[in-house]
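**Q** Below is one structure. I have some questions about it.
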Amino acid sequence: MNKAERLINLIAMLLEAKNPVTLDRIRTSIPGYQQASMPSFKRMFERDKSDLREMGVPIQVEPLDAFGEDLGYRIPKEEYYLPEIRFTPEEKVALLLVNRLSSGQVVPLSKEAGAALLKLSPDLGDGSRLGHPAVRQQWKFSSQSESSEGLSILWDASVRRRSVLFTYRSLGERGAVERKLDPYGLYFDRGVWYIVGYCHLRRQVRSFRISRIESMVEQAHPESEGPDFERPKDFSLRDHSRVLPWEFEEGAEYEAAIRFSPKIAWLVERDLGDVYRFEPGEDGGGILYVTVRNEDAFMSWLLSYAEDAEVITPQALRAKVKDHLAAILKQLGGGRR
Amino acid sequence: MSDVEERLNRLLSLIPYVLKNQGVSLKELSEVFEVPREKLVRDLHLIFLCGQPDYTPADLIEVDIEEDRVYISMADYFARPLRFTPPELSGLYLACSALVKLSGQPASVELGSAMEKIGRTLGLAAVSGDEIEESMQIKPAVTEQNVLGQLSSALEERKTVEIEYYTYGRDELNRRRVNPLSLEFGLGHWYLRAFDGRSNEMRVFRVDRIKDLQMTSETFEPRAGKEPEIAEPFSPSPSGDIEVRLRFSQALAAWAEEQPIFSDAKREDAYLICTLRTDALAWLERELLKYGTEVEVLSPPELVEALRQTVQGLLKIYK
C-alpha cells in the first residue's frame with residue numbers, strides 16, 4: 001500500500017468527519033492500516049500523524065463526549081483550508097517571477113517558498129495566459145554554489161538567535177577549523193553569500209563566506225530551547241554588508257579622492273555609488289571619495305582600472321602607488337632592456 | 001522534505017487546481033507543477049484510488065483524462081490547498097524581498113500588494129522590508145534606471161535595441177544593435193542573451209555593463225539555435241589563442257588555487273604555476289596588475305612587454 005495514498009485517505013476522512021474519529025475506526029476504515037497488527041498500526045499511525053503535522057496539517061485530538069474518556073481525531077476545515085486570494089494579473093506575474101527565483105534556489109528557504117507558491121497555484125493559474133515575457137521562460141535564475149539548505153539553516157538560526165557550529169576554512173589556511181558562531185544575519189553581494197555574527201574563536205563580529213563552510217551547520221545547544229544569545233542593540237547588518245576589501249583590518253582610516261575616466265566612471269558609480277560620494281565631472285568622468293584602511297587591498301583594486309583611475313589626494317597615497325608601480329616594473333625587468 | 005511529503009504537497013494543490021480549472025491540459029499541469037508528464041499521470045492515478053470510507057466507487061474521487069484534458073469530481077473536501085507552514089510564509093517573504101532587490105523597481109509595487117493580500121487573508125501582520133533587512137541583505141543587482149525593465153519590454157515586443165556596452169575583455173565601450181532573447185540571473189549578476197548585429201552571432205551581455213539603452217522601432221523574429229551559457233565573457237577559454245603561464249607567490253598561491261580562472265595549476269615549491277588560454281589580453285593585463293609583485297608572467301614575452309608599457313605609462317601619471 002502506497003504511503004501517499006494512505007495519508008491522503010487519512011486527511012480526507014478526518015476533514016470530512018463531523019465528529020472526532022476514534023483510532024479503532026481509523027484502523028478498520030483505511031486501507032493500509034487494516035492489514036497491520038494493533039501494535040504496528042499504532043506505530044504507523046503515530047508516524048503518519050507526526051509527518052502530517054510537520055507538513056502543517058492541523059490534526060487535533062478531541063474528547064468524543066462530555067466525559068472525556070475516549071479520544072478521537074479531527075481536522076478542522078477552517079484551520080486546514082488556505083482561504084482564496086484574488087490577485088490582479090500584475091500581482092500574478094510578480095508572484096510567478098518569485099516562483100522562478102525560488103526554483104533557482106538563490107535565497108534561503110527557497111524550497112519552502114516554492115511549496116508556498118504551489119499552494120497558491122489554484123489562485124495564480126497558468127502564467128502563459130497572462131502573456132508576460134517574464135513568465136514565458138525568458139527570465140531565469142540559475143542556482144548559487146552555496147546550498148540553499150545551508151542558507152536556510154543559518155537564516156533560521158539568526159532569526160531564532162541560536163548559536164551554531166561549523167568547520168570553516170579561512171583563505172590561505174590549509175585546514176578547516178571548528179567555529180562557534182552567534183549568527184546575526186546573512187548578506188549577498190556579487191554572487192556570494194556571507195553570514196555575519198559573533199565568532200567565539202576570534203571573539204569579535206566577523207563575516208564568513210558560506211561557500212567556505214566545509215561541514216554541516218549544526219546547533220551548538222540543541223538541547224536548549226533558546227535563544228542562545230542576544231544580538232547587540234547597536235548592531236546593524238548594513239554596516240557589515242557593504243564593507244569593501246580596502247576597509248578591512250586595522251590601520252588609520254582616511255579618505256582618498258580617485259578620478260575615473262569617462263570610459264569607466266559610470267560603471268564605478270553604479271557599483272559603489274551607494275557607499276561612497278561620487279562627483280560627476282563635465283567630461284563624463286568623475287571623482288569617487290573612497291574610505292581607505294588597508295592600502296594593499298586598495299592599490300590592488302585601483303590598478304585593476306589601469307590608466308582609467310588616478311589617485312588625486314592624499315599625496316602620501318600617490319607616493320605609495322608610485323613606489324608600488326616601481327616595484328612591479330622592477331620585477332618586469334623595467335629599465336634593463 | 002521527503003519524497004512522499006513533496007508528492008503529498010503536490011497532490012493537495014493539484015486537486016484544487018483541477019477543480020478550479022476543469023478540463024485543464026496535462027501540458028499546463030506539468031508546467032505549473034514542474035513535473036514530467038508521466039509523473040503527473042501517476043499522480044492522477046493515485047488520486048483516483050483515494051476517497052472516503054468505504055472506498056466503493058461512489059466514495060472515490062473521480063478522475064477523468066480525456067484527450068489530454070483532466071477532470072476531477074467528488075473531491076469537494078479538497079477544494080482548497082493546505083495553509084502555509086511558518087517556514088513557507090517566511091520563505092515567501094524572503095523570496096519576494098530578494099526579487100525586488102535583484103530586479104530593481106519593476107515588480108516591487110505588485111509584489112508589495114500581493115504580499116499584503118496574503119498577510120491580510122491569512123490574518124497575519126505583514127512582514128515589513130525593514131524586518132527582513134535585519135536578517136538578510138542583498139546588494140541590488142541593477143542600480144541603473146530600469147535597464148532591466150526596458151529589456152523586458154523589448155523581449156515581450158521582440159524589439160531590437162541599441163546598446164552602448166562596455167566590453168571588459170577588450171576594455172572598450174561601443175554601440176551595437178541587439179535582438180534580446182532572454183534574461184538570466186546567475187553568478188551574482190543579470191545577463192542578457194541576445195543576437196548581436198555587430199558580430200552576427202548569439203552573445204551574452206552583462207546587464208550592468210550596458211551604459212545606455214535605446215529602443216528602436218524595428219522588430220525581429222528570434223532565430224532558432226543553441227543559446228550560449230552564461231559565463232564571464234572574459235573568462236579564459238580553452239580555444240583562446242594565447243597561452244599564458246603565471247607564477248603566484250607563496251602569499252597568493254592558496255587564494256589563486258581557489259579561483260576558477262586559475263584552476264589549471266600546480267604547486268612548485270611554495271609557488272603556484274598556472275596555465276590559461278585567453279583572447280582577452282586587455283582584461284588579463286588589468287587582472288594581473290591587481291596582484292602586483294605577487295604574480296610573475298612566465299610567458300608569453302608579449303604580455304610581459306605590454307605590462308611593462310602599461311606600468312611605465314602609469315608611473316608617468318604619478319611623476
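Chain labels A, B, ... are given in the sequence in which chains occur in the C-alpha cells; within each chain residues are numbered consecutively from 1, and ligands are likewise numbered from 1 in the order shown.
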Please report, as a PyMOL selection string, each residue of segment 57-274 of chain B to which DSSP assigns helix (DSSP H, G or I) when run on this structure's backbone.

**A** chain B and resi 76-78+86-103+108-121+129-135+147-157+207-209+250-258+260-262

**Q** Give me, as a list in words, the residues of segment 109-200 of chain A that a backbone DSSP run labels strand (DSSP E).

**A**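 So, restricting segment 109-200 of chain A to strand (DSSP E), we get Trp139, Lys140, Phe141, Val164, Leu165, Phe166, Thr167, Tyr168, Val177, Glu178, Arg179, Lys180, Leu181, Asp182, Pro183, Tyr184, Gly185, Leu186, Tyr187, Phe188, Asp189, Val192, Trp193, Tyr194, Ile195, Val196, Gly197, Tyr198 and Cys199 of chain A.
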
**Q** Write out as a PyMOL selection string each polymer residue whose atoms come within 9 Å of Ile210 of chain A, counting only C-alpha atoms; drop sequence neighbours fewer than 2 positions from it.

**A** chain A and resi 146-147+150-151+168+192-195+208+212-214

**Q** With N, CA and C atoms kept, could you save the residues just selected as a short mmCIF file (atom, residue, chain, number, x, y, z; two decimals), in the first residue's frame?

**A**
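Saved to selection10.cif:
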```
data_model
loop_
_atom_site.label_atom_id
_atom_site.label_comp_id
_atom_site.auth_asym_id
_atom_site.auth_seq_id
_atom_site.Cartn_x
_atom_site.Cartn_y
_atom_site.Cartn_z
N GLU A 146 26.33 27.99 -3.19
CA GLU A 146 26.02 27.61 -1.82
C GLU A 146 24.74 26.77 -1.84
N SER A 147 24.65 25.82 -0.89
CA SER A 147 23.42 25.04 -0.87
C SER A 147 22.34 25.87 -0.21
N GLY A 150 21.82 24.99 3.48
CA GLY A 150 22.75 25.60 4.42
C GLY A 150 22.34 27.04 4.70
N LEU A 151 21.93 27.76 3.66
CA LEU A 151 21.47 29.14 3.84
C LEU A 151 20.25 29.18 4.75
N TYR A 168 35.25 25.78 9.25
CA TYR A 168 35.41 26.83 8.25
C TYR A 168 36.87 26.91 7.82
N VAL A 192 27.87 36.13 -4.00
CA VAL A 192 28.41 35.36 -2.89
C VAL A 192 27.60 35.64 -1.62
N TRP A 193 27.29 34.57 -0.89
CA TRP A 193 26.58 34.73 0.39
C TRP A 193 27.57 34.74 1.56
N TYR A 194 27.28 35.60 2.54
CA TYR A 194 28.08 35.69 3.75
C TYR A 194 27.16 35.60 4.96
N ILE A 195 27.69 35.06 6.07
CA ILE A 195 26.97 35.13 7.34
C ILE A 195 27.80 36.00 8.28
N PHE A 208 31.61 35.52 7.38
CA PHE A 208 32.09 34.26 6.84
C PHE A 208 31.46 34.01 5.49
N ARG A 212 32.73 28.61 2.05
CA ARG A 212 33.93 28.06 2.67
C ARG A 212 33.62 27.24 3.92
N ILE A 213 32.34 27.12 4.24
CA ILE A 213 31.96 26.26 5.36
C ILE A 213 32.04 24.82 4.87
N GLU A 214 32.87 24.02 5.51
CA GLU A 214 33.13 22.69 4.96
C GLU A 214 32.26 21.61 5.57
#
```

**Q** What's around segment 203-219 of chain B at 6 Å? Count only C-alpha atoms, leave out sequence neighbours fewer than 3 positions away in its own chain, and write the answer as JSON, numbers by chain.

**A** {"B": [158, 159, 160, 161, 162, 163, 164, 165, 166, 190, 191, 192, 193, 194]}

**Q** Which of these residues is nearest to Pro140 of chain B, using only C-alpha atoms: B:Cys50, B:Ile273, B:Val32, B:Val100?

**A**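 When distances to Pro140 of chain B are compared using only C-alpha atoms, the smallest one comes from B:Val100.
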
**Q** Between B:Ser135, B:Ser25, B:Ser103, B:Ser108, which is the closest to chain A once you count only C-alpha atoms?

**A**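 Closest to chain A of all the choices is B:Ser135.
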
**Q** Excluding same-chain residues fewer than 4 positions from Glu247 of chain A, what lies within 8 Å of it counting only C-alpha atoms, as a list of chain:residue names?

**A**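 Once the adjacent positions are removed, what remains is A:Val243, A:Thr291, A:Val292, A:Arg293, A:Asn294.
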
**Q** Store the residues picked out above, limited to N, CA and C atoms, as an mmCIF file, in the first residue's frame.

**A**
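Once written, out35.cif looks like this:
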```
data_model
loop_
_atom_site.group_PDB
_atom_site.id
_atom_site.type_symbol
_atom_site.label_atom_id
_atom_site.label_comp_id
_atom_site.auth_asym_id
_atom_site.auth_seq_id
_atom_site.Cartn_x
_atom_site.Cartn_y
_atom_site.Cartn_z
ATOM 1 N N VAL A 243 31.034 46.295 3.356
ATOM 2 C CA VAL A 243 32.401 46.638 3.732
ATOM 3 C C VAL A 243 33.313 46.166 2.617
ATOM 4 N N THR A 291 36.900 55.464 1.263
ATOM 5 C CA THR A 291 37.485 55.278 2.587
ATOM 6 C C THR A 291 38.546 54.186 2.512
ATOM 7 N N VAL A 292 39.770 54.515 2.953
ATOM 8 C CA VAL A 292 40.866 53.540 2.864
ATOM 9 C C VAL A 292 41.381 53.187 4.253
ATOM 10 N N ARG A 293 41.541 51.914 4.503
ATOM 11 C CA ARG A 293 42.151 51.463 5.745
ATOM 12 C C ARG A 293 43.288 50.489 5.433
ATOM 13 N N ASN A 294 43.059 49.664 4.416
ATOM 14 C CA ASN A 294 44.056 48.674 4.028
ATOM 15 C C ASN A 294 44.627 49.090 2.668
#
```
